[in-house]
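Peer 1: First the structure, which I've put down as structure tokens, then a few questions once you've had a look.
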Amino acid sequence: MITSKRQLETTKKKIASLKESLAEMKKSARGLLANSAVIQTEALTQELESEALEYETLYAEGLDAIDIQNPEDIMLLPIKYRIAKHLTKEAFAKEVDVSVRMIARYEAAEYTNINGGTFKKILRNLPLKLNRTLKEA
């Protein structure tokens with residue numbers, strides 16, 4: 001997940017580079033291996049474009065752009081909240097009473113490395129009201 005404007009710009013450059021490479025690859029693609037490389041590069045390009053769009057949507061639309069559909073979305077809620085509210089890691093860390101260093105570590109691992117108590121503390125310190133109903137899949 002893209003977590004900053006700097007990452008967004010780097011990702012956009014990577015997308016442009018991949019698209020240039022794809023154009024060249026398609027011109028000279030011969031054989032199964034070459035076609036596999038084209039398919040993999042297209043998939044990577046689409047994934048990066050999706051991540052860029054997600055960041056831009058969160059940044060532009062704010063909290064309304066946050067959608068929780070599964071447990072992974074809950075784990076990403078602090079990052080999405082910070083982006084939607086245009087907060088720096090420093091401002092977010094202050095708001096949730098966790099060190100900037102720890103927020104950076106958690107975001108780098110998309111909060112998969114956080115213990116339950118700290119995650120609960122962060123969620124409790126966010127000025128959000130969760131009102132999502134649960135449904136069986």
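All residue names refer to the structure tokens as shown: chains lettered A, B, ... in order, residues numbered from 1 in each chain, ligands numbered from 1 in order.
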I need the alpha helix (DSSP H) residues of chain A per DSSP on the backbone, written as a VMD selection string.

Peer 2: chain A and resid 5 to 28 31 to 61 71 to 84 89 to 96 100 to 108 116 to 125

Peer 1: So that I have them on file, write out the residues from the current selection with C-alpha atoms, as a compact mmCIF listing (two decimals), in the first residue's frame.

Peer 2:
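Output saved as again.txt:
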```txt
# COMPACT_ATOMS: atom_id res chain seq x y z
CA LYS A 5 3.02 11.37 -1.73
CA ARG A 6 6.66 10.51 -2.26
CA GLN A 7 5.82 6.83 -2.65
CA LEU A 8 3.01 7.80 -5.02
CA GLU A 9 5.38 9.75 -7.26
CA THR A 10 7.90 6.90 -7.23
CA THR A 11 5.13 4.46 -8.11
CA LYS A 12 3.94 6.63 -10.99
CA LYS A 13 7.48 6.72 -12.39
CA LYS A 14 7.71 2.94 -12.05
CA ILE A 15 4.38 2.55 -13.89
CA ALA A 16 5.59 4.74 -16.74
CA SER A 17 8.82 2.75 -16.96
CA LEU A 18 6.94 -0.55 -16.96
CA LYS A 19 4.63 0.67 -19.71
CA GLU A 20 7.62 1.65 -21.84
CA SER A 21 9.17 -1.75 -21.25
CA LEU A 22 5.89 -3.45 -22.08
CA ALA A 23 5.68 -1.67 -25.41
CA GLU A 24 9.17 -2.89 -26.30
CA MET A 25 8.49 -6.39 -25.02
CA LYS A 26 5.31 -6.71 -27.06
CA LYS A 27 7.15 -5.70 -30.24
CA SER A 28 9.72 -8.43 -29.85
CA GLY A 31 7.77 -17.70 -27.49
CA LEU A 32 6.24 -18.84 -24.25
CA LEU A 33 8.85 -17.30 -21.97
CA ALA A 34 8.57 -13.88 -23.59
CA ASN A 35 4.78 -13.99 -23.43
CA SER A 36 4.96 -14.95 -19.75
CA ALA A 37 7.17 -11.95 -19.08
CA VAL A 38 4.65 -9.68 -20.81
CA ILE A 39 1.79 -11.11 -18.73
CA GLN A 40 3.74 -10.69 -15.48
CA THR A 41 4.71 -7.13 -16.33
CA GLU A 42 1.11 -6.27 -17.21
CA ALA A 43 -0.07 -7.72 -13.89
CA LEU A 44 2.53 -5.72 -11.95
CA THR A 45 1.56 -2.55 -13.81
CA GLN A 46 -2.12 -3.08 -13.00
CA GLU A 47 -1.33 -3.73 -9.34
CA LEU A 48 0.72 -0.53 -9.07
CA GLU A 49 -1.97 1.47 -10.86
CA SER A 50 -4.55 0.11 -8.42
CA GLU A 51 -2.41 1.11 -5.43
CA ALA A 52 -1.87 4.60 -6.86
CA LEU A 53 -5.59 5.03 -7.46
CA GLU A 54 -6.37 3.87 -3.91
CA TYR A 55 -3.99 6.47 -2.44
CA GLU A 56 -5.31 9.26 -4.67
CA THR A 57 -8.92 8.38 -3.85
CA LEU A 58 -8.26 8.32 -0.10
CA TYR A 59 -6.42 11.62 -0.27
CA ALA A 60 -9.09 13.31 -2.40
CA GLU A 61 -12.27 11.91 -0.86
CA PRO A 71 -10.14 -8.31 8.22
CA GLU A 72 -7.25 -7.05 6.09
CA ASP A 73 -9.11 -3.76 5.63
CA ILE A 74 -9.35 -3.40 9.41
CA MET A 75 -5.59 -3.83 9.71
CA LEU A 76 -5.08 -1.08 7.12
CA LEU A 77 -7.55 1.31 8.77
CA PRO A 78 -4.88 3.39 10.58
CA ILE A 79 -2.97 3.97 7.33
CA LYS A 80 -6.12 4.78 5.37
CA TYR A 81 -7.31 7.13 8.11
CA ARG A 82 -3.97 8.96 8.15
CA ILE A 83 -3.99 9.40 4.37
CA ALA A 84 -7.65 10.43 4.27
CA LYS A 89 3.18 10.18 10.46
CA GLU A 90 4.26 12.63 13.17
CA ALA A 91 0.79 14.17 13.54
CA PHE A 92 -0.86 10.76 13.43
CA ALA A 93 1.53 9.37 16.07
CA LYS A 94 0.67 12.27 18.36
CA GLU A 95 -3.07 11.76 17.80
CA VAL A 96 -2.93 8.05 18.69
CA VAL A 100 6.53 8.03 15.21
CA ARG A 101 9.16 5.32 14.96
CA MET A 102 6.59 2.64 15.82
CA ILE A 103 4.01 4.07 13.41
CA ALA A 104 6.63 3.93 10.64
CA ARG A 105 7.40 0.30 11.50
CA TYR A 106 3.73 -0.66 11.61
CA GLU A 107 3.00 1.03 8.30
CA ALA A 108 5.98 -0.60 6.62
CA GLY A 116 -3.38 -6.54 19.83
CA GLY A 117 -3.15 -4.13 22.75
CA THR A 118 -1.33 -1.45 20.77
CA PHE A 119 -3.65 -1.87 17.78
CA LYS A 120 -6.67 -1.48 20.05
CA LYS A 121 -5.10 1.65 21.59
CA ILE A 122 -4.58 3.18 18.14
CA LEU A 123 -8.14 2.41 17.03
CA ARG A 124 -9.60 3.77 20.28
CA ASN A 125 -7.69 7.03 19.85
```

Peer 1: Which residue out of A:Asn131, A:Thr3, A:Thr112, A:Thr88 has the minimum interatomic distance to Asp67 in chain A when only C-alpha atoms are used?

Peer 2: A:Asn131

Peer 1: Just how far from CA of Ile2 in chain A is CA of Ile114 in chain A, in Å to one decimal?

Peer 2: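 If I compute the distance from CA of Ile114 in chain A to CA of Ile2 in chain A, I get 18.7 Å.
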